[in-house]
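Asker: Just one file: work_23.cif, with mmCIF, C-alpha atoms and all ligand atoms.
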data_target
#
loop_
_atom_site.label_atom_id
_atom_site.label_comp_id
_atom_site.auth_asym_id
_atom_site.auth_seq_id
_atom_site.Cartn_x
_atom_site.Cartn_y
_atom_site.Cartn_z
CA MET A 1 82.37 120.92 136.69
CA SER A 2 79.12 121.80 138.42
CA GLU A 3 77.88 121.64 141.94
CA PHE A 4 74.57 121.91 143.77
CA ASP A 5 73.51 124.88 145.82
CA GLY A 6 70.98 124.58 148.63
CA ASP A 7 68.03 124.46 146.21
CA PHE A 8 69.52 121.58 144.24
CA THR A 9 69.83 123.72 141.13
CA VAL A 10 72.99 123.10 139.17
CA ILE A 11 75.42 125.99 139.20
CA PRO A 12 77.60 125.90 136.12
CA GLU A 13 81.31 126.28 136.62
CA TYR A 14 83.63 127.79 134.05
CA LYS A 15 87.40 127.89 133.77
CA VAL A 16 88.22 131.38 132.59
CA LEU A 17 91.54 132.92 131.58
CA LEU A 18 91.94 136.69 131.32
CA ILE A 19 94.80 137.84 129.12
CA ASP A 20 95.49 141.48 129.91
CA ASP A 21 98.53 143.46 131.04
CA ASP A 22 96.43 145.70 133.30
CA LYS A 23 96.67 144.21 136.79
CA THR A 24 94.02 146.52 138.25
CA TYR A 25 91.51 145.42 135.62
CA ALA A 26 92.37 141.79 136.34
CA GLN A 27 91.65 142.31 140.06
CA LEU A 28 88.35 143.95 139.18
CA VAL A 29 87.27 141.08 136.97
CA ARG A 30 88.32 138.58 139.62
CA ARG A 31 86.17 140.36 142.19
CA VAL A 32 83.22 140.74 139.85
CA LEU A 33 83.25 137.06 138.85
CA LYS A 34 83.74 135.91 142.43
CA SER A 35 80.65 137.75 143.57
CA CYS A 36 78.56 136.20 140.83
CA ARG A 37 75.80 133.94 142.25
CA THR A 38 74.46 132.30 139.12
CA SER A 39 77.71 130.78 137.88
CA ARG A 40 80.96 129.77 139.50
CA PHE A 41 84.24 130.84 137.93
CA ASP A 42 87.65 129.29 138.25
CA PHE A 43 89.48 132.45 137.31
CA GLU A 44 93.08 132.83 136.14
CA TRP A 45 94.92 135.83 134.83
CA THR A 46 98.08 136.29 132.78
CA PRO A 47 99.66 139.40 131.32
CA ASP A 48 102.09 137.28 129.31
CA PHE A 49 101.54 136.65 125.59
CA GLN A 50 103.46 133.36 125.44
CA THR A 51 101.62 131.94 128.49
CA ALA A 52 98.37 132.82 126.71
CA VAL A 53 99.53 131.07 123.52
CA ASP A 54 100.44 127.96 125.54
CA SER A 55 97.02 127.95 127.22
CA LEU A 56 95.17 128.29 123.93
CA GLU A 57 97.22 125.48 122.47
CA ALA A 58 96.55 123.28 125.49
CA ASP A 59 92.84 124.10 125.15
CA ALA A 60 92.57 124.12 128.94
CA HIS A 61 89.89 126.79 129.55
CA ASP A 62 86.20 127.13 128.79
CA ALA A 63 86.55 130.82 127.99
CA TYR A 64 89.32 133.30 127.22
CA LEU A 65 88.88 137.01 127.86
CA ILE A 66 91.44 138.55 125.55
CA ASP A 67 92.39 142.21 125.74
CA TYR A 68 92.78 143.83 122.36
CA LYS A 69 95.81 145.88 123.43
CA LEU A 70 98.58 143.85 125.00
CA ALA A 71 102.10 145.14 125.68
CA ASP A 72 103.94 143.98 122.53
CA HIS A 73 101.12 142.26 120.70
CA ASP A 74 97.47 142.66 120.01
CA GLY A 75 94.62 140.36 120.97
CA LEU A 76 93.87 139.56 117.34
CA GLU A 77 97.11 137.55 117.17
CA LEU A 78 95.84 135.37 120.01
CA LEU A 79 92.52 134.88 118.21
CA LYS A 80 94.50 133.66 115.22
CA VAL A 81 96.42 131.18 117.37
CA GLY A 82 93.19 129.91 118.94
CA SER A 83 91.47 129.48 115.56
CA ARG A 84 94.45 127.81 113.97
CA ARG A 85 94.61 125.30 116.81
CA ASN A 86 90.84 124.71 116.70
CA CYS A 87 90.67 125.80 120.33
CA ARG A 88 87.38 124.63 121.81
CA GLY A 89 87.25 127.37 124.46
CA ALA A 90 85.19 130.46 123.68
CA MET A 91 87.31 133.51 122.87
CA ILE A 92 85.91 136.89 123.90
CA LEU A 93 87.70 140.03 122.79
CA LEU A 94 87.77 142.97 125.20
CA THR A 95 88.41 146.41 123.82
CA GLY A 96 88.88 149.85 125.27
CA ALA A 97 86.47 152.67 124.53
CA GLY A 98 86.62 153.73 120.88
CA ASP A 99 88.10 150.47 119.51
CA SER A 100 84.78 149.28 118.17
CA SER A 101 86.11 148.96 114.62
CA VAL A 102 87.81 145.67 115.56
CA ASP A 103 84.43 144.06 116.17
CA GLN A 104 84.06 142.61 112.66
CA LYS A 105 87.70 141.59 112.45
CA ALA A 106 87.44 139.79 115.79
CA LEU A 107 84.46 137.74 114.62
CA GLU A 108 86.25 136.82 111.41
CA LEU A 109 89.20 135.57 113.42
CA GLY A 110 87.06 133.28 115.54
CA ALA A 111 85.99 135.37 118.53
CA VAL A 112 82.54 134.40 119.73
CA GLU A 113 81.87 137.68 121.51
CA TYR A 114 83.19 141.18 121.62
CA MET A 115 82.82 143.54 124.58
CA GLU A 116 83.87 147.02 125.53
CA LYS A 117 85.78 146.76 128.79
CA HIS A 118 84.27 149.69 130.62
CA ARG A 119 80.71 148.46 129.96
CA ALA A 120 81.29 144.97 131.24
CA ASP A 121 79.76 144.83 134.71
CA GLY A 122 79.32 141.61 136.69
CA PRO A 123 76.01 140.32 135.30
CA MET A 124 76.93 141.24 131.76
CA LEU A 125 80.31 139.54 131.97
CA GLU A 126 78.76 136.46 133.52
CA ARG A 127 76.07 136.29 130.83
CA SER A 128 78.53 136.84 127.99
CA ILE A 129 80.81 134.06 129.20
CA ARG A 130 77.89 131.67 129.66
CA TYR A 131 76.42 132.41 126.23
CA ALA A 132 79.80 132.33 124.52
CA VAL A 133 80.67 128.94 126.05
CA GLN A 134 77.28 127.50 125.07
CA TRP A 135 77.66 128.86 121.56
CA LYS A 136 81.08 127.36 121.24
CA ARG A 137 79.87 123.97 122.51
CA LYS A 138 77.02 123.94 120.00
CA GLU A 139 79.45 124.88 117.27
CA GLU A 140 81.71 121.98 118.31
CA GLU A 141 78.76 119.55 118.26
CA LEU A 142 77.82 120.76 114.81
CA ARG A 143 81.39 120.37 113.62
CA ALA A 144 81.55 116.79 114.96
CA ALA A 145 78.19 115.97 113.31
CA ASN A 146 79.46 117.41 110.04
CA GLU A 147 82.62 115.32 110.20
CA GLN A 148 80.50 112.22 110.72
CA LEU A 149 78.32 113.13 107.80
CA LYS A 150 81.37 113.63 105.62
CA ALA A 151 82.78 110.24 106.64
CA HIS A 152 79.46 108.57 105.75
CA GLN A 153 79.36 110.36 102.43
CA MET A 154 82.86 109.12 101.65
CA GLN A 155 81.74 105.58 102.45
CA LEU A 156 78.76 105.97 100.15
CA ILE A 157 80.94 107.26 97.34
CA GLN A 158 83.32 104.36 97.90
CA ALA A 159 80.41 101.87 97.86
CA GLU A 160 79.10 103.39 94.64
CA LYS A 161 82.57 103.21 93.11
CA MET A 162 82.76 99.53 94.05
CA ASN A 163 79.34 98.95 92.55
CA SER A 164 80.25 100.44 89.21
CA VAL A 165 83.59 98.65 89.11
CA GLY A 166 81.65 95.47 89.89
CA ARG A 167 79.16 95.96 87.07
CA LEU A 168 81.89 96.81 84.62
CA ALA A 169 83.98 93.86 85.72
CA ALA A 170 81.11 91.41 85.35
CA GLY A 171 80.56 92.48 81.74
CA ILE A 172 84.24 92.23 80.84
CA ALA A 173 84.67 88.92 82.65
CA HIS A 174 81.85 87.29 80.68
CA GLU A 175 83.29 88.58 77.41
CA ILE A 176 86.69 87.09 78.25
CA LYS A 177 85.52 83.81 79.70
CA ASN A 178 84.20 82.39 76.41
CA PRO A 179 87.31 83.07 74.28
CA LEU A 180 89.42 81.60 77.09
CA ALA A 181 87.36 78.41 77.05
CA ILE A 182 87.81 78.13 73.27
CA ILE A 183 91.59 78.66 73.54
CA SER A 184 91.74 76.06 76.29
CA MET A 185 89.97 73.49 74.12
CA GLY A 186 92.26 74.36 71.23
CA LEU A 187 95.28 73.76 73.45
CA ASP A 188 93.97 70.33 74.44
CA PHE A 189 93.62 69.52 70.76
CA PHE A 190 97.23 70.60 70.04
CA ARG A 191 98.50 68.69 73.06
CA ASN A 192 97.00 65.47 71.73
CA LYS A 193 98.36 66.12 68.27
CA SER A 194 101.89 66.97 69.41
CA ALA A 195 102.47 64.29 72.03
CA LYS A 196 105.82 63.40 70.49
CA ASP A 197 107.15 66.90 69.74
CA GLU A 198 108.95 68.18 72.91
CA GLY A 199 109.28 71.78 71.65
CA MET A 200 105.62 71.94 70.73
CA LYS A 201 104.63 70.38 74.07
CA LEU A 202 106.59 73.05 75.95
CA ALA A 203 104.95 75.86 74.00
CA VAL A 204 101.49 74.40 74.59
CA ASP A 205 102.18 74.06 78.33
CA GLU A 206 103.27 77.69 78.54
CA MET A 207 100.16 78.83 76.72
CA ASP A 208 98.08 76.69 79.03
CA ASP A 209 99.68 78.37 82.08
CA ALA A 210 98.89 81.77 80.65
CA VAL A 211 95.28 80.82 80.00
CA THR A 212 94.94 79.42 83.54
CA ARG A 213 96.26 82.70 84.95
CA ALA A 214 93.84 84.74 82.88
CA ASP A 215 91.02 82.43 83.90
CA ARG A 216 91.92 82.97 87.57
CA ILE A 217 91.59 86.72 87.14
CA VAL A 218 88.26 86.36 85.41
CA LYS A 219 87.01 84.07 88.16
CA GLY A 220 88.14 86.59 90.77
CA LEU A 221 86.31 89.34 88.92
CA LEU A 222 83.12 87.34 88.79
CA ASP A 223 83.39 86.48 92.48
CA PHE A 224 83.79 90.13 93.25
CA SER A 225 81.03 91.46 91.06
CA ALA A 226 78.34 88.81 90.91
CA PRO A 227 75.84 88.97 93.71
CA LEU A 228 77.20 85.94 95.46
CA GLU A 229 74.85 83.23 96.38
CA LEU A 230 75.64 82.02 99.85
CA LYS A 231 75.18 78.44 100.88
CA GLN A 232 75.07 79.02 104.59
CA ARG A 233 75.08 76.19 107.10
CA ALA A 234 75.93 75.80 110.76
CA GLU A 235 79.71 75.33 110.68
CA ASP A 236 82.54 74.84 113.12
CA LEU A 237 84.84 77.70 112.22
CA HIS A 238 87.90 75.93 113.64
CA ALA A 239 87.38 73.11 111.16
CA VAL A 240 87.00 75.64 108.33
CA LEU A 241 90.23 77.33 109.43
CA SER A 242 92.11 74.02 109.52
CA LYS A 243 90.99 73.20 106.00
CA ALA A 244 92.14 76.59 104.70
CA LEU A 245 95.49 76.17 106.47
CA MET A 246 95.90 72.80 104.79
CA PHE A 247 95.51 74.39 101.36
CA VAL A 248 98.34 76.85 102.03
CA ARG A 249 100.59 74.42 103.91
CA HIS A 250 103.07 74.26 101.07
CA GLU A 251 103.31 78.05 100.68
CA LEU A 252 103.97 78.44 104.41
CA HIS A 253 106.45 75.57 104.50
CA ILE A 254 108.70 76.83 101.68
CA ARG A 255 108.97 80.21 103.45
CA HIS A 256 109.71 78.62 106.86
CA ILE A 257 106.62 80.20 108.38
CA LYS A 258 105.42 78.79 111.70
CA VAL A 259 101.72 78.66 112.49
CA LYS A 260 100.66 79.54 116.01
CA ARG A 261 97.08 78.73 116.98
CA GLU A 262 95.46 80.55 119.89
CA LEU A 263 91.99 79.15 119.65
CA ALA A 264 89.02 79.80 121.89
CA PRO A 265 88.29 76.67 123.97
CA LYS A 266 84.74 76.45 122.74
CA LEU A 267 83.38 78.12 119.64
CA PRO A 268 79.65 78.24 118.96
CA LEU A 269 78.64 77.02 115.50
CA CYS A 270 78.09 79.84 113.06
CA HIS A 271 75.95 80.18 110.03
CA VAL A 272 78.35 80.63 107.13
CA ASP A 273 79.19 79.49 103.63
CA ALA A 274 82.24 77.35 104.42
CA ASN A 275 83.68 77.44 100.88
CA LYS A 276 83.50 81.22 100.75
CA PHE A 277 85.14 81.43 104.15
CA ILE A 278 87.92 79.14 103.01
CA GLN A 279 88.45 81.51 100.08
CA VAL A 280 88.66 84.47 102.50
CA PHE A 281 91.11 82.69 104.82
CA ILE A 282 93.30 81.46 101.96
CA ASN A 283 93.72 84.97 100.60
CA ILE A 284 94.60 86.35 104.03
CA PHE A 285 97.08 83.51 104.67
CA LEU A 286 98.70 83.97 101.26
CA ASN A 287 98.95 87.74 101.75
CA ALA A 288 100.66 87.07 105.08
CA ALA A 289 102.96 84.47 103.53
CA TYR A 290 103.93 86.89 100.78
CA ALA A 291 104.77 89.51 103.41
CA MET A 292 107.15 87.05 105.15
CA PRO A 293 109.44 85.77 102.37
CA ASN A 294 112.18 84.91 104.87
CA GLY A 295 110.05 83.22 107.47
CA GLY A 296 108.05 84.39 110.42
CA VAL A 297 105.03 83.51 112.49
CA LEU A 298 101.43 83.33 111.39
CA THR A 299 99.13 83.58 114.40
CA VAL A 300 95.52 82.49 114.14
CA ARG A 301 93.47 83.57 117.14
CA THR A 302 89.78 83.05 117.74
CA LYS A 303 87.67 84.68 120.43
CA VAL A 304 84.05 84.69 121.45
CA ARG A 305 82.89 88.01 122.74
CA SER A 306 79.57 89.40 123.78
CA LEU A 307 78.31 92.22 121.61
CA ASP A 308 78.53 94.80 124.38
CA GLU A 309 82.28 94.22 124.55
CA VAL A 310 82.50 95.08 120.89
CA PHE A 311 80.01 97.92 120.84
CA THR A 312 80.05 99.98 123.99
CA GLY A 313 76.97 102.00 124.73
CA LEU A 314 74.53 99.09 124.82
CA THR A 315 72.52 98.99 128.02
CA GLU A 316 72.84 95.88 130.12
CA ASP A 317 69.36 94.73 129.12
CA SER A 318 69.92 95.07 125.40
CA ALA A 319 73.34 93.42 125.70
CA GLU A 320 71.71 90.32 127.13
CA GLU A 321 69.22 90.11 124.32
CA VAL A 322 71.74 90.41 121.52
CA GLY A 323 74.04 87.56 120.60
CA LYS A 324 77.73 86.99 120.46
CA VAL A 325 80.48 87.85 118.06
CA ILE A 326 83.21 85.50 116.94
CA THR A 327 86.40 87.25 115.95
CA VAL A 328 89.20 85.61 114.03
CA GLU A 329 92.48 87.50 114.18
CA ILE A 330 95.20 86.58 111.74
CA GLU A 331 98.56 88.16 112.45
CA ASP A 332 101.83 88.01 110.58
CA THR A 333 105.32 89.20 111.40
CA GLY A 334 105.87 90.58 107.94
CA VAL A 335 106.72 93.92 106.40
CA GLY A 336 103.42 95.63 107.22
CA ILE A 337 101.43 97.99 104.99
CA PRO A 338 102.58 101.59 104.43
CA GLU A 339 100.06 103.93 106.13
CA ASP A 340 99.23 105.75 102.89
CA LYS A 341 98.24 102.45 101.23
CA LEU A 342 95.95 101.25 104.02
CA ASP A 343 92.79 102.76 102.55
CA LYS A 344 93.53 101.41 99.06
CA ILE A 345 93.99 97.73 99.85
CA TYR A 346 90.26 96.93 99.44
CA ASP A 347 90.14 98.57 96.02
CA PRO A 348 89.76 95.99 93.26
CA PHE A 349 93.03 95.61 91.35
CA PHE A 350 95.10 97.36 94.00
CA THR A 351 98.19 95.22 94.38
CA THR A 352 101.84 95.76 95.19
CA LYS A 353 102.71 92.36 93.78
CA PRO A 354 104.38 91.89 90.40
CA THR A 355 102.14 91.38 87.38
CA GLY A 356 101.05 87.80 87.16
CA VAL A 357 101.49 87.19 90.90
CA GLY A 358 98.62 89.18 92.36
CA THR A 359 95.40 90.42 90.82
CA GLY A 360 94.57 92.80 93.67
CA LEU A 361 91.13 91.23 94.01
CA GLY A 362 91.79 89.16 97.14
CA LEU A 363 90.76 91.63 99.81
CA ALA A 364 88.02 93.21 97.69
CA VAL A 365 86.38 89.80 97.34
CA ALA A 366 87.07 88.84 100.97
CA LYS A 367 85.48 92.04 102.22
CA SER A 368 82.36 91.60 100.11
CA ILE A 369 82.04 87.98 101.31
CA MET A 370 82.25 89.11 104.92
CA LEU A 371 79.73 91.90 104.38
CA LEU A 372 77.32 89.46 102.73
CA HIS A 373 77.52 87.38 105.89
CA GLY A 374 76.69 90.47 107.92
CA GLY A 375 80.21 90.38 109.32
CA GLY A 376 83.27 92.56 108.93
CA LEU A 377 86.88 92.53 107.84
CA ASP A 378 89.50 94.98 109.08
CA VAL A 379 93.17 95.20 108.23
CA GLU A 380 95.60 97.18 110.35
CA ASN A 381 99.26 97.34 111.15
CA LYS A 382 100.04 95.91 114.58
CA GLU A 383 100.44 98.54 117.31
CA ASN A 384 104.13 97.88 117.83
CA GLY A 385 104.87 97.53 114.12
CA GLY A 386 106.33 94.44 112.52
CA GLY A 387 103.36 93.02 110.72
CA VAL A 388 99.69 93.09 109.96
CA ARG A 389 96.58 92.02 111.85
CA VAL A 390 93.45 91.07 109.96
CA THR A 391 90.32 90.85 112.09
CA LEU A 392 87.23 89.07 110.85
CA SER A 393 84.04 89.32 112.84
CA ILE A 394 80.92 87.20 112.52
CA LEU A 395 77.70 87.47 114.50
CA VAL A 396 76.32 84.27 115.99
N1 LIG B 1 99.56 90.76 105.43
C1 LIG B 1 99.95 91.72 104.59
N2 LIG B 1 101.17 92.32 104.73
C2 LIG B 1 101.56 93.30 103.89
N3 LIG B 1 100.81 93.77 102.86
C3 LIG B 1 99.59 93.24 102.68
C4 LIG B 1 99.08 92.20 103.52
N4 LIG B 1 97.84 91.89 103.11
C5 LIG B 1 97.59 92.68 102.05
N5 LIG B 1 98.63 93.49 101.77
C6 LIG B 1 98.70 94.50 100.71
O1 LIG B 1 97.42 94.67 100.15
C7 LIG B 1 97.46 94.46 98.74
C8 LIG B 1 96.12 93.93 98.28
O2 LIG B 1 95.88 92.62 98.78
P1 LIG B 1 94.88 91.69 98.00
O3 LIG B 1 94.79 90.39 98.71
O4 LIG B 1 93.61 92.43 97.77
O5 LIG B 1 95.54 91.54 96.57
P2 LIG B 1 96.88 90.74 96.19
O6 LIG B 1 97.24 89.81 97.28
O7 LIG B 1 97.89 91.74 95.79
O8 LIG B 1 96.38 89.95 94.93
P3 LIG B 1 95.39 88.66 94.94
O9 LIG B 1 94.95 88.44 96.33
O10 LIG B 1 94.25 89.07 94.06
O11 LIG B 1 96.20 87.57 94.38
C9 LIG B 1 98.64 93.54 98.56
O12 LIG B 1 99.17 93.62 97.24
C10 LIG B 1 99.63 94.07 99.59
O13 LIG B 1 100.26 95.23 99.12
MG MG B 2 95.86 88.53 98.14
#
Have the structure of the file written as structure tokens, please.

Answerer:
Amino acid sequence: MSEFDGDFTVIPEYKVLLIDDDKTYAQLVRRVLKSCRTSRFDFEWTPDFQTAVDSLEADAHDAYLIDYKLADHDGLELLKVGSRRNCRGAMILLTGAGDSSVDQKALELGAVEYMEKHRADGPMLERSIRYAVQWKRKEEELRAANEQLKAHQMQLIQAEKMNSVGRLAAGIAHEIKNPLAIISMGLDFFRNKSAKDEGMKLAVDEMDDAVTRADRIVKGLLDFSAPLELKQRAEDLHAVLSKALMFVRHELHIRHIKVKRELAPKLPLCHVDANKFIQVFINIFLNAAYAMPNGGVLTVRTKVRSLDEVFTGLTEDSAEEVGKVITVEIEDTGVGIPEDKLDKIYDPFFTTKPTGVGTGLGLAVAKSIMLLHGGGLDVENKENGGGVRVTLSILV
């Protein structure tokens, strides 16, 4: 908090907690800080160790003046608490005369400043608090920037991993595709030859099923790895959604799953590859269906939002210039995804389905299709549990 003095200069205000069992010293500090003209202090004092621990944990003050010698504890213990809790307030250790050896130790434990009590007059105390708080704020900014950097690096590593998996997969897929085609032709030949032999027919059909399954995996791999060529046209997304729902009608029906549509009254046309979008929707619908083996509700919701609703921080002017975002939310009432699996579901081949049922490529392919469209795909568990929400976003 800050306020203006008569000259309209901003006077900084600091919340300060003194932790010291010497009441006289506390009164002195109170007086000294009160008479300070360049900063304003909201001063509190406690002689009690536990109260100090609670305050550090609540992170409620800008600065903590911590006496080195407390009744049953020492100030270093409080520094440890503050550091462990990543306390954002600046901790300043106060020592008596002759305790200067704790200086180094105090810094190691996270103190920003160290002062001998008897030397700390008003201006010095004021300056130390101000500098310590600034230092701590800068440190916090740096820490936040570092976190961001780390998150971006992780994304880059993940993208690189996807890239190499993609390249590898493309090579393998091409190698497998040709033998599969030859086997398939061979099976056709046998089928014609063995039209009258029931046993032979059964065996050929089973082999044919196996080849079809393998072919599906190969096709998925190629979809995932090949730089997809998009055939984008202005499309009505509601029509695309209806088509995709039609393809999975049977899967939903046998599991007694109801479809609830909450569609935006008017959806602008968007520039997409309809077939690729159908592929994305089908995978999401089938994932949802699989998560609801005993029935449930599949909700399909579309919304049109302006970009500034999605990204805060745009100025009004820039928000008017930029376009709109269509979001498609697909919710199920299924089993949900365990939290520790949430960051793996986009990995190619990550599946919790039995072998032969899922290839684990669905979401990997869906995500890359959405990214190619300049859109996004997010999967999360619903806030109140009981199912998953997939959100697709497309710029129009
Ligand atoms: N709606 C959902 N509810 C619960 N789990 C889900 C849901 N959607 C995805 N998952 C989890 O994410 C995993 C990966 O999904 P993804 O679509 O990529 O592959 P898959 O469905 O297992 O196989 P494929 O789609 O290739 O046939 C699933 O195996 C499942 O564990
Ligand atoms: Mg799937």

Asker: Please check which protein, DNA or RNA residues sit within 7 Å of ligand LIG 1 (chain B), counting only C-alpha atoms and all ligand atoms, and write them as a PyMOL selection string.

Answerer: chain A and resi 283-284+287-288+291+332+334-337+345-346+348+350-353+357-364+387-388

Asker: May I ask which of the residues A:Asp347, A:Glu380, A:Glu140, A:Glu116 is the closest one to ligand MG 2 (chain B), counting only C-alpha atoms and all ligand atoms?

Answerer: A:Asp347

Asker: Of the candidates A:Leu28, A:Ala132, A:Ala106, A:Val240, which shows the shortest atom-to-atom distance to Tyr64 of chain A, using only C-alpha atoms?

Answerer: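 Between A:Leu28, A:Ala132, A:Ala106, A:Val240, the residue approaching Tyr64 of chain A most closely is A:Ala132.
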
Asker: In Å, rounded to a single decimal, give me how far atom CA of Arg31 of chain A is from atom CA of Leu79 of chain A.

Answerer: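 So the answer is 25.4 Å.
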
Asker: In Å, how far is it from atom CA of Thr95 of chain A to atom CA of Leu65 of chain A?

Answerer: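 Result for atom CA of Thr95 of chain A versus atom CA of Leu65 of chain A: 10.2 Å, one decimal.
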
Asker: Could you check the closest approach to Glu126 of chain A for each of A:Ser83, A:Asn192, A:Thr299, A:Ser39 and tell me which residue wins, using only C-alpha atoms?

Answerer: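 Residue with the minimum atom-to-atom distance to Glu126 of chain A: A:Ser39.
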
Asker: Of the residues A:Pro12, A:Gly75, A:Gly171, A:Gly220, which is the one nearest to ligand MG 2 (chain B), using only C-alpha atoms and all ligand atoms?

Answerer: A:Gly220

Asker: What lies within 12 Å of Arg130 of chain A using all atoms listed in the file, ignoring chain neighbours under 2 positions off, as a PyMOL selection string?

Answerer: chain A and resi 11-16+33+38-41+62-64+89-92+112-113+123-128+132-137

Asker: Between A:Val328, A:Gly356, A:Leu286, A:Glu44, which residue has the minimum interatomic distance to ligand MG 2 (chain B), considering all atoms listed in the file?

Answerer: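 Among the listed residues, A:Leu286 lies closest to ligand MG 2 (chain B).
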
Asker: One decimal, Å: what's the distance from atom CA of Met207 of chain A over to atom CA of Ser194 of chain A, could you say?

Answerer: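 Separating atom CA of Met207 of chain A from atom CA of Ser194 of chain A is a distance of 14.0 Å.
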
Asker: Out of A:Leu298, A:Val204, A:Val365, A:Leu221, which residue has the shortest atom-to-atom distance to ligand MG 2 (chain B) when counting all atoms listed in the file?

Answerer: A:Val365

Asker: With only C-alpha atoms as the counted atoms, please give the residues lying no more than 10 Å from segment 51-58 of chain A, apart from itself and same-chain residues fewer than 5 positions off, as JSON, numbers by chain.

Answerer: {"A": [17, 18, 19, 20, 45, 46, 63, 64, 66, 77, 78, 79, 81, 82, 83, 84, 85, 86, 87, 88, 89, 91]}

Asker: Using only C-alpha atoms, what residues lie at most 9 Å away from (79.0, 94.6, 114.9) (file coordinates), given as a VMD selection string?

Answerer: chain A and resid 307 310 to 311 325 374 to 376 393 to 395
